[in-house]
file target.cif (mmCIF, C-alpha atoms)
data_work
#
loop_
_atom_site.label_atom_id
_atom_site.label_comp_id
_atom_site.auth_asym_id
_atom_site.auth_seq_id
_atom_site.Cartn_x
_atom_site.Cartn_y
_atom_site.Cartn_z
CA MET A 1 69.12 -83.89 99.13
CA VAL A 2 67.44 -83.59 102.55
CA ARG A 3 69.96 -80.97 103.68
CA TYR A 4 69.42 -79.04 100.41
CA LEU A 5 65.63 -79.12 100.89
CA GLY A 6 66.01 -77.89 104.46
CA VAL A 7 68.08 -74.94 103.26
CA VAL A 8 65.57 -74.21 100.49
CA VAL A 9 62.61 -74.31 102.90
CA ALA A 10 64.39 -72.19 105.50
CA ALA A 11 65.48 -69.63 102.92
CA SER A 12 62.02 -69.54 101.39
CA CYS A 13 60.46 -68.97 104.79
CA LEU A 14 62.85 -66.13 105.54
CA LEU A 15 61.99 -64.48 102.24
CA ALA A 16 58.25 -65.01 102.72
CA ALA A 17 58.27 -63.96 106.40
CA CYS A 18 57.06 -67.40 107.47
CA THR A 19 56.81 -68.58 111.05
CA SER A 20 58.81 -71.59 112.18
CA ALA A 21 55.61 -73.66 112.06
CA GLU A 22 55.66 -73.38 108.26
CA ALA A 23 58.86 -75.38 107.86
CA GLY A 24 58.47 -78.85 106.44
CA TYR A 25 56.42 -80.21 103.59
CA LEU A 26 53.19 -78.32 104.35
CA ALA A 27 52.77 -75.55 101.80
CA ARG A 28 49.78 -73.25 102.10
CA GLN A 29 48.12 -70.25 100.57
CA ARG A 30 48.36 -66.99 102.50
CA ASP A 31 44.82 -66.03 101.43
CA VAL A 32 41.93 -68.03 99.96
CA GLY A 33 42.10 -67.65 96.19
CA GLU A 34 45.71 -66.40 96.26
CA ILE A 35 46.52 -68.99 93.61
CA PRO A 36 44.34 -68.61 90.50
CA GLY A 37 42.36 -71.48 89.05
CA GLU A 38 38.80 -72.65 88.59
CA ARG A 39 37.40 -73.63 91.99
CA ILE A 40 35.68 -77.01 92.07
CA ALA A 41 34.44 -79.52 94.65
CA LEU A 42 37.02 -82.23 95.36
CA GLU A 43 36.72 -85.48 97.28
CA GLY A 44 39.39 -88.03 98.04
CA ALA A 45 41.74 -89.43 100.64
CA ILE A 46 44.84 -87.86 102.15
CA GLU A 47 47.86 -89.93 101.21
CA GLU A 48 51.28 -89.59 102.83
CA LYS A 49 54.23 -90.50 100.62
CA GLY A 50 57.32 -92.10 102.13
CA ASN A 51 59.11 -88.75 102.04
CA GLY A 52 56.43 -87.05 104.17
CA CYS A 53 54.61 -85.30 101.32
CA LEU A 54 50.83 -85.14 101.64
CA MET A 55 48.82 -85.83 98.48
CA LEU A 56 45.09 -85.97 97.70
CA ALA A 57 44.17 -89.33 96.15
CA LEU A 58 41.23 -88.59 93.83
CA ASP A 59 38.72 -91.03 92.33
CA ASP A 60 40.26 -90.59 88.87
CA GLY A 61 43.46 -92.28 90.09
CA THR A 62 45.55 -89.11 90.32
CA SER A 63 47.20 -87.94 93.53
CA PRO A 64 48.13 -84.26 93.31
CA TRP A 65 50.31 -82.61 95.96
CA ILE A 66 48.31 -80.51 98.42
CA VAL A 67 48.71 -76.77 98.90
CA TRP A 68 46.72 -76.24 102.09
CA PRO A 69 44.21 -73.50 102.98
CA PRO A 70 45.35 -70.45 104.95
CA GLY A 71 45.81 -71.20 108.63
CA ALA A 72 46.92 -74.81 108.14
CA GLU A 73 49.87 -75.94 110.24
CA PRO A 74 52.04 -79.05 110.02
CA GLY A 75 51.25 -81.66 112.66
CA LEU A 76 50.91 -85.33 113.45
CA THR A 77 47.95 -87.70 113.60
CA ASP A 78 48.13 -90.38 116.27
CA ALA A 79 50.55 -93.01 114.94
CA ARG A 80 49.76 -92.36 111.27
CA GLY A 81 52.35 -89.69 110.58
CA SER A 82 52.25 -86.23 109.03
CA ALA A 83 49.14 -84.13 108.84
CA GLY A 84 47.76 -80.76 107.99
CA VAL A 85 46.07 -79.23 111.05
CA ILE A 86 43.39 -76.57 110.71
CA ASP A 87 41.62 -75.16 113.77
CA GLY A 88 42.86 -78.11 115.83
CA VAL A 89 41.53 -80.72 113.38
CA ALA A 90 44.15 -83.03 111.84
CA TYR A 91 43.95 -84.31 108.27
CA GLY A 92 46.36 -87.18 107.71
CA ASP A 93 47.05 -90.39 105.83
CA GLY A 94 43.89 -92.32 105.01
CA ASP A 95 41.43 -89.58 106.00
CA HIS A 96 38.55 -89.25 103.52
CA VAL A 97 37.96 -85.55 102.87
CA GLU A 98 35.92 -83.13 100.82
CA ALA A 99 37.37 -79.81 99.77
CA THR A 100 36.93 -76.82 97.56
CA GLY A 101 39.91 -75.83 95.47
CA ALA A 102 41.64 -75.87 92.11
CA LEU A 103 43.64 -78.50 90.27
CA VAL A 104 46.66 -76.80 88.72
CA SER A 105 50.19 -77.55 87.59
CA LEU A 106 53.25 -76.72 89.66
CA SER A 107 54.22 -74.05 87.12
CA ASP A 108 50.89 -72.26 87.83
CA LEU A 109 52.01 -71.52 91.40
CA PRO A 110 53.98 -68.40 92.29
CA ASP A 111 57.64 -69.42 91.80
CA GLY A 112 56.47 -72.93 90.90
CA ASP A 113 59.16 -73.15 88.21
CA ASP A 114 61.89 -72.07 90.67
CA PRO A 115 63.43 -75.04 92.51
CA ASN A 116 64.63 -72.57 95.16
CA GLY A 117 61.20 -70.97 95.67
CA TYR A 118 58.61 -71.63 98.38
CA PHE A 119 56.21 -73.60 96.16
CA GLY A 120 58.78 -74.69 93.57
CA GLY A 121 61.17 -76.18 96.14
CA GLN A 122 58.56 -78.05 98.15
CA GLY A 123 56.48 -79.01 95.11
CA GLY A 124 59.54 -80.29 93.26
CA PHE A 125 60.52 -82.42 96.26
CA CYS A 126 56.97 -83.84 96.31
CA ASP A 127 56.98 -84.58 92.55
CA ALA A 128 54.20 -82.06 91.93
CA ASP A 129 55.74 -81.32 88.54
CA VAL A 130 54.43 -84.76 87.54
CA ALA A 131 51.56 -85.33 90.00
CA GLY A 132 49.98 -81.88 89.76
CA VAL A 133 48.72 -79.70 92.59
CA ALA A 134 45.45 -79.52 94.53
CA VAL A 135 45.20 -75.95 95.84
CA LEU A 136 42.69 -76.15 98.68
CA ASP A 137 40.57 -73.21 99.88
CA SER A 138 38.68 -75.36 102.42
CA ILE A 139 38.73 -78.95 103.67
CA ALA A 140 36.57 -81.13 105.93
CA HIS A 141 36.33 -84.79 106.86
CA VAL A 142 33.61 -86.56 104.88
CA GLY A 143 30.69 -87.13 107.18
CA GLY A 144 32.27 -85.03 109.89
#
call {"tool": "encode", "arguments": {"input": "target.cif", "output": "structure tokens"}}
result
Amino acid sequence: MVRYLGVVVAASCLLAACTSAEAGYLARQRDVGEIPGERIALEGAIEEKGNGCLMLALDDGTSPWIVWPPGAEPGLTDARGSAGVIDGVAYGDGDHVEATGALVSLSDLPDGDDPNGYFGGQGGFCDADVAGVAVLDSIAHVGG
């Protein structure tokens, strides 16, 4: 399964003209608002699943998979594991954040129904077909 995902991500990046920094479980929009949906204020905690997927744990008990804002890069936070990094600021497991974005289903994303697509492959691996998706246009640490 891991080898298959690696092939899917690599092939998706070649088709989407991604840089090597886009490989991994960090999916992002190319442009703010690229993915349609009603934009709302969100607040929750970043949650890293055992497979490296980053989710947004919301107060309502749901934890949708995160599609990051443009410019986000995969990275690490101290000893805590995977993170999304934007302008040198890391957002990783346990970080309390506020964001603006849309809550959508995986099938709402471009190629979200395609297990070989950029969003469909990564989202499927991260169980976004069940968990849902938080498409973020912006993110900041709460109180920071």
call {"tool": "resolve_selection", "arguments": {"input": "target.cif", "expression": "the PyMOL selection byres ((chain A and resi 65) around 12)", "output": "mmCIF file with C-alpha atoms, in the coordinates of the input"}}
result
data_model
loop_
_atom_site.group_PDB
_atom_site.id
_atom_site.type_symbol
_atom_site.label_atom_id
_atom_site.label_comp_id
_atom_site.auth_asym_id
_atom_site.auth_seq_id
_atom_site.Cartn_x
_atom_site.Cartn_y
_atom_site.Cartn_z
ATOM 1 C CA TYR A 25 56.420 -80.210 103.590
ATOM 2 C CA LEU A 26 53.190 -78.320 104.350
ATOM 3 C CA ALA A 27 52.770 -75.550 101.800
ATOM 4 C CA ARG A 28 49.780 -73.250 102.100
ATOM 5 C CA ALA A 45 41.740 -89.430 100.640
ATOM 6 C CA ILE A 46 44.840 -87.860 102.150
ATOM 7 C CA GLU A 47 47.860 -89.930 101.210
ATOM 8 C CA GLU A 48 51.280 -89.590 102.830
ATOM 9 C CA LYS A 49 54.230 -90.500 100.620
ATOM 10 C CA GLY A 52 56.430 -87.050 104.170
ATOM 11 C CA CYS A 53 54.610 -85.300 101.320
ATOM 12 C CA LEU A 54 50.830 -85.140 101.640
ATOM 13 C CA MET A 55 48.820 -85.830 98.480
ATOM 14 C CA LEU A 56 45.090 -85.970 97.700
ATOM 15 C CA ALA A 57 44.170 -89.330 96.150
ATOM 16 C CA LEU A 58 41.230 -88.590 93.830
ATOM 17 C CA THR A 62 45.550 -89.110 90.320
ATOM 18 C CA SER A 63 47.200 -87.940 93.530
ATOM 19 C CA PRO A 64 48.130 -84.260 93.310
ATOM 20 C CA ILE A 66 48.310 -80.510 98.420
ATOM 21 C CA VAL A 67 48.710 -76.770 98.900
ATOM 22 C CA TRP A 68 46.720 -76.240 102.090
ATOM 23 C CA ALA A 102 41.640 -75.870 92.110
ATOM 24 C CA LEU A 103 43.640 -78.500 90.270
ATOM 25 C CA VAL A 104 46.660 -76.800 88.720
ATOM 26 C CA SER A 105 50.190 -77.550 87.590
ATOM 27 C CA LEU A 106 53.250 -76.720 89.660
ATOM 28 C CA PHE A 119 56.210 -73.600 96.160
ATOM 29 C CA GLY A 120 58.780 -74.690 93.570
ATOM 30 C CA GLN A 122 58.560 -78.050 98.150
ATOM 31 C CA GLY A 123 56.480 -79.010 95.110
ATOM 32 C CA GLY A 124 59.540 -80.290 93.260
ATOM 33 C CA PHE A 125 60.520 -82.420 96.260
ATOM 34 C CA CYS A 126 56.970 -83.840 96.310
ATOM 35 C CA ASP A 127 56.980 -84.580 92.550
ATOM 36 C CA ALA A 128 54.200 -82.060 91.930
ATOM 37 C CA ASP A 129 55.740 -81.320 88.540
ATOM 38 C CA VAL A 130 54.430 -84.760 87.540
ATOM 39 C CA ALA A 131 51.560 -85.330 90.000
ATOM 40 C CA GLY A 132 49.980 -81.880 89.760
ATOM 41 C CA VAL A 133 48.720 -79.700 92.590
ATOM 42 C CA ALA A 134 45.450 -79.520 94.530
ATOM 43 C CA VAL A 135 45.200 -75.950 95.840
ATOM 44 C CA LEU A 136 42.690 -76.150 98.680
#
call {"tool": "atom_distance", "arguments": {"input": "target.cif", "atom1": "atom CA of Gly50 of chain A", "atom2": "atom CA of Gly71 of chain A"}}
result
24.7 Å
call {"tool": "atom_distance", "arguments": {"input": "target.cif", "atom1": "atom CA of Ala83 of chain A", "atom2": "atom CA of Ala99 of chain A"}}
result
15.5 Å
call {"tool": "resolve_selection", "arguments": {"input": "target.cif", "expression": "the PyMOL selection byres ((chain A and resi 89) around 12)", "output": "list of chain:residue names"}}
result
A:Gly71, A:Ala72, A:Glu73, A:Pro74, A:Gly75, A:Leu76, A:Thr77, A:Ala83, A:Gly84, A:Val85, A:Ile86, A:Asp87, A:Gly88, A:Ala90, A:Tyr91, A:Gly92, A:Asp95, A:Ile139, A:Ala140, A:His141, A:Gly144
call {"tool": "atom_distance", "arguments": {"input": "target.cif", "atom1": "atom CA of Pro110 of chain A", "atom2": "atom CA of Glu38 of chain A"}}
result
16.2 Å
call {"tool": "closest_residue", "arguments": {"input": "target.cif", "among": "A:Asp111, A:Pro36, A:Gly44, A:Gly143", "to": "Asp93 of chain A", "atoms": "all atoms listed in the file"}}
result
A:Gly44
